[in-house]
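What follows is a short report on a single structure.
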Amino acid sequence: MMIPSKIKNNGFAAFLILLVVVIGVLSYQNARDYSELKAVFELDKEELEQELTTIIEDYKQASYKKNEYSLRLKDELEKVVQLRDSVKNLKEADYRFIRYYRKRTKILIEENHKLFEKINYLSSINDELLSKNDSVNQALLFKEHQNTKLFSINNQLNKERQVLKEKVAIAEVIEISTIKAEALKKRKNGKYTSTTRSEKVNAFKIEFDLLENKVASPGPKEVHIQITDNNNNVVAPIKEPCSHNSKKIQCSDVFITDYNNSQISIVSFVNINNKINAGVYHINTFVNNINVGNNSLALK
């Protein structure tokens, strides 16, 4: 009876030893598989992080260069950063999620490619528009320069025209000879003789010539004679005032003479109905509203 019991115990011991060996082999195999799995996981995780980091750098670079699209790029960048942070936080136990994140990364890469193609297309259109805008601006600047130049030339021509007009106006002025003024008294026989006595003056005789002027336009010319005393009072003023430089002035005589550019004699006879005082009397002569000559006459 002792022998079978010993055999039984030896068999159980052998079974235990075999079990330990099997467990050891399985543990070693599991440890090796785990180590390999961990290495693969780390490699996949690192590759995903690298891909996402590359995408992030692309977005940052594009956002820096293309400011007009920075808002859209910023939104996409935040998505990629969040995904990379999720991948960084993965543990070995989350290995089953690697496929999910890889799929997400692939989708982001495709979206990234499409977005940059669209941005590049819009950028090329924008560059083309900027180029056209530059061309238009250059054309406008050229036109503005031409307009400024033409404006300057026009101003210069206007100045020259004004100078020429003034020269012509001066050239058209009809000059007169020296004014001869004489105070007259009327005799009983009706004839007039010269006098220097103010109380005897019955008239003033004014004589001068309109001189030759080939530049002046021929035709009727209005001649005004104005005689004033020491107090600038007009002597023997006519009823209707004369026009002079848009103003009305009193004149002693006014008449129209036909001028044909040749010298012509003018005689004005101004009757004095009231007594005048002693003093110096001034004779002012106007032709077409221009003062062309002056003289004076002293009476006792």
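By convention in this document, the chains of the structure tokens carry letters A, B, ... by their order, each chain's residues are numbered from 1, and ligands are numbered from 1 in the order they are shown.
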
*If you run DSSP on this backbone, which residues of segment 128-296 of chain A come out as alpha helix (DSSP H), and could you give them as an NGL selection string?*
:A and (128-172)

*Report the distance between atom CA of Asn232 of chain A and atom CA of Asn284 of chain A in Å, rounded to one decimal place.*
11.3 Å

Report as a tab-separated table: every residue of segment 216-267 of chain A with an atom at most 12 Å from segment 170-185 of chain A, its closest pair of atoms, and their distance in Å to one decimal, counting only C-alpha atoms, with rows sorted by chain and ascending residue number.
```
residue	atom	partner	partner_atom	distance
A:Ala216	CA	A:Glu172	CA	4.2
A:Ser217	CA	A:Glu172	CA	7.3
A:Pro218	CA	A:Glu172	CA	10.1
A:Lys221	CA	A:Ile174	CA	9.6
A:Glu222	CA	A:Ile174	CA	11.4
A:Val223	CA	A:Ile174	CA	10.9
A:Ile225	CA	A:Ile179	CA	10.9
A:Gln226	CA	A:Ala181	CA	11.8
A:Ile227	CA	A:Ala181	CA	10.1
A:Tyr259	CA	A:Ile174	CA	9.7
A:Asn260	CA	A:Ile174	CA	11.2
A:Asn261	CA	A:Ile174	CA	8.7
A:Ser262	CA	A:Ile174	CA	10.2
A:Gln263	CA	A:Ile176	CA	9.0
A:Ile264	CA	A:Ile176	CA	9.5
A:Ser265	CA	A:Ser177	CA	9.4
A:Ile266	CA	A:Ile176	CA	9.6
A:Val267	CA	A:Lys180	CA	9.6
```

With N, CA, C and O atoms retained, export the selected residues as a short mmCIF file (atom, residue, chain, number, x, y, z; two decimals), in the first residue's frame.
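Result saved to out19.cif:
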```cif
data_model
loop_
_atom_site.label_atom_id
_atom_site.label_comp_id
_atom_site.auth_asym_id
_atom_site.auth_seq_id
_atom_site.Cartn_x
_atom_site.Cartn_y
_atom_site.Cartn_z
N ALA A 216 -5.90 150.18 -81.40
CA ALA A 216 -7.24 150.38 -80.86
C ALA A 216 -8.30 150.06 -81.90
O ALA A 216 -8.10 150.23 -83.11
N SER A 217 -9.42 149.56 -81.42
CA SER A 217 -10.52 149.26 -82.35
C SER A 217 -11.18 150.57 -82.78
O SER A 217 -11.47 151.44 -81.95
N PRO A 218 -11.41 150.74 -84.06
CA PRO A 218 -12.05 151.98 -84.54
C PRO A 218 -13.52 152.01 -84.19
O PRO A 218 -14.12 150.99 -83.84
N LYS A 221 -16.23 156.67 -79.87
CA LYS A 221 -15.53 156.74 -78.59
C LYS A 221 -16.22 157.79 -77.72
O LYS A 221 -16.51 158.89 -78.19
N GLU A 222 -16.46 157.42 -76.46
CA GLU A 222 -17.12 158.34 -75.54
C GLU A 222 -16.05 159.15 -74.81
O GLU A 222 -15.14 158.59 -74.20
N VAL A 223 -16.17 160.49 -74.89
CA VAL A 223 -15.20 161.37 -74.28
C VAL A 223 -15.89 162.17 -73.17
O VAL A 223 -16.95 162.77 -73.39
N ILE A 225 -15.37 165.14 -70.14
CA ILE A 225 -14.56 166.26 -69.64
C ILE A 225 -15.07 166.61 -68.25
O ILE A 225 -16.28 166.82 -68.04
N GLN A 226 -14.15 166.66 -67.29
CA GLN A 226 -14.53 167.00 -65.92
C GLN A 226 -13.65 168.16 -65.44
O GLN A 226 -12.42 168.07 -65.48
N ILE A 227 -14.33 169.25 -64.99
CA ILE A 227 -13.61 170.41 -64.46
C ILE A 227 -13.95 170.51 -62.98
O ILE A 227 -15.13 170.54 -62.61
N TYR A 259 -13.92 157.61 -84.13
CA TYR A 259 -12.46 157.47 -84.19
C TYR A 259 -12.09 156.38 -85.19
O TYR A 259 -12.59 155.25 -85.11
N ASN A 260 -11.18 156.71 -86.11
CA ASN A 260 -10.78 155.74 -87.14
C ASN A 260 -9.27 155.44 -87.07
O ASN A 260 -8.62 155.18 -88.08
N ASN A 261 -8.73 155.51 -85.85
CA ASN A 261 -7.31 155.21 -85.57
C ASN A 261 -6.35 156.33 -85.98
O ASN A 261 -5.15 156.22 -85.75
N SER A 262 -6.88 157.35 -86.57
CA SER A 262 -6.03 158.50 -86.95
C SER A 262 -6.23 159.63 -85.96
O SER A 262 -7.22 159.66 -85.21
N GLN A 263 -5.31 160.59 -85.96
CA GLN A 263 -5.39 161.72 -85.04
C GLN A 263 -6.62 162.57 -85.34
O GLN A 263 -6.93 162.85 -86.50
N ILE A 264 -7.30 162.95 -84.28
CA ILE A 264 -8.51 163.75 -84.45
C ILE A 264 -8.57 164.81 -83.35
O ILE A 264 -8.23 164.52 -82.20
N SER A 265 -8.98 166.03 -83.71
CA SER A 265 -9.03 167.14 -82.75
C SER A 265 -10.35 167.17 -82.00
O SER A 265 -11.42 166.92 -82.58
N ILE A 266 -10.26 167.49 -80.72
CA ILE A 266 -11.43 167.56 -79.85
C ILE A 266 -11.49 168.96 -79.24
O ILE A 266 -10.48 169.49 -78.74
N VAL A 267 -12.67 169.55 -79.27
CA VAL A 267 -12.89 170.87 -78.65
C VAL A 267 -14.14 170.77 -77.79
O VAL A 267 -15.20 170.35 -78.26
#
```

*Using atom CA of His224 of chain A and atom CA of Glu240 of chain A as the two end points, give the distance in Å to one decimal.*
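Here the two named atoms are 11.8 Å from each other.
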
*Pull the strand (DSSP E or B) assignments for segment 122-242 of chain A out of DSSP run on the backbone, and list those residues as a ChimeraX atom specification.*
/A:176,180-186,192-194,203-210,219-228,234,242

Mind dumping the selected residues with C-alpha atoms as a PDB file, in the first residue's frame?
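Once everything was written out, this is part.pdb:
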```pdb
ATOM      1  CA  ILE A 176      -4.181 162.487 -76.138  1.00  0.00           C
ATOM      2  CA  LYS A 180      -5.138 173.311 -73.628  1.00  0.00           C
ATOM      3  CA  ALA A 181      -7.538 174.934 -71.177  1.00  0.00           C
ATOM      4  CA  GLU A 182      -8.714 178.529 -71.437  1.00  0.00           C
ATOM      5  CA  ALA A 183     -11.141 180.572 -69.376  1.00  0.00           C
ATOM      6  CA  LEU A 184     -13.348 182.859 -71.508  1.00  0.00           C
ATOM      7  CA  LYS A 185     -15.487 185.907 -70.932  1.00  0.00           C
ATOM      8  CA  LYS A 186     -18.312 186.897 -73.201  1.00  0.00           C
ATOM      9  CA  TYR A 192     -15.482 185.259 -76.318  1.00  0.00           C
ATOM     10  CA  THR A 193     -12.054 186.401 -75.234  1.00  0.00           C
ATOM     11  CA  SER A 194      -9.542 184.905 -72.835  1.00  0.00           C
ATOM     12  CA  ALA A 203     -17.051 179.530 -70.239  1.00  0.00           C
ATOM     13  CA  PHE A 204     -14.137 177.110 -70.364  1.00  0.00           C
ATOM     14  CA  LYS A 205     -12.645 176.027 -73.668  1.00  0.00           C
ATOM     15  CA  ILE A 206     -10.869 172.643 -73.603  1.00  0.00           C
ATOM     16  CA  GLU A 207      -8.815 171.512 -76.602  1.00  0.00           C
ATOM     17  CA  PHE A 208      -6.728 168.368 -77.263  1.00  0.00           C
ATOM     18  CA  ASP A 209      -6.181 165.713 -79.929  1.00  0.00           C
ATOM     19  CA  LEU A 210      -6.945 162.014 -79.822  1.00  0.00           C
ATOM     20  CA  GLY A 219     -15.542 153.312 -84.025  1.00  0.00           C
ATOM     21  CA  PRO A 220     -17.452 155.623 -81.672  1.00  0.00           C
ATOM     22  CA  LYS A 221     -15.534 156.735 -78.589  1.00  0.00           C
ATOM     23  CA  GLU A 222     -17.116 158.339 -75.542  1.00  0.00           C
ATOM     24  CA  VAL A 223     -15.198 161.374 -74.275  1.00  0.00           C
ATOM     25  CA  HIS A 224     -15.814 162.872 -70.808  1.00  0.00           C
ATOM     26  CA  ILE A 225     -14.560 166.262 -69.636  1.00  0.00           C
ATOM     27  CA  GLN A 226     -14.530 167.001 -65.922  1.00  0.00           C
ATOM     28  CA  ILE A 227     -13.610 170.407 -64.462  1.00  0.00           C
ATOM     29  CA  THR A 228     -13.158 170.608 -60.682  1.00  0.00           C
ATOM     30  CA  VAL A 234     -17.436 169.617 -60.410  1.00  0.00           C
ATOM     31  CA  CYS A 242     -21.005 159.574 -66.376  1.00  0.00           C
TER      32      CYS A 242
END
```

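Nearest residue to Phe286 of chain A among A:Asn120, A:Ser135, A:Asn158, A:Ser243 is A:Ser243, counting only C-alpha atoms.
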
*Could you jot down the atom CA of Thr285 of chain A to atom CA of Cys251 of chain A separation for me, Å, one decimal place?*
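Between atom CA of Thr285 of chain A and atom CA of Cys251 of chain A the gap works out to 9.6 Å.
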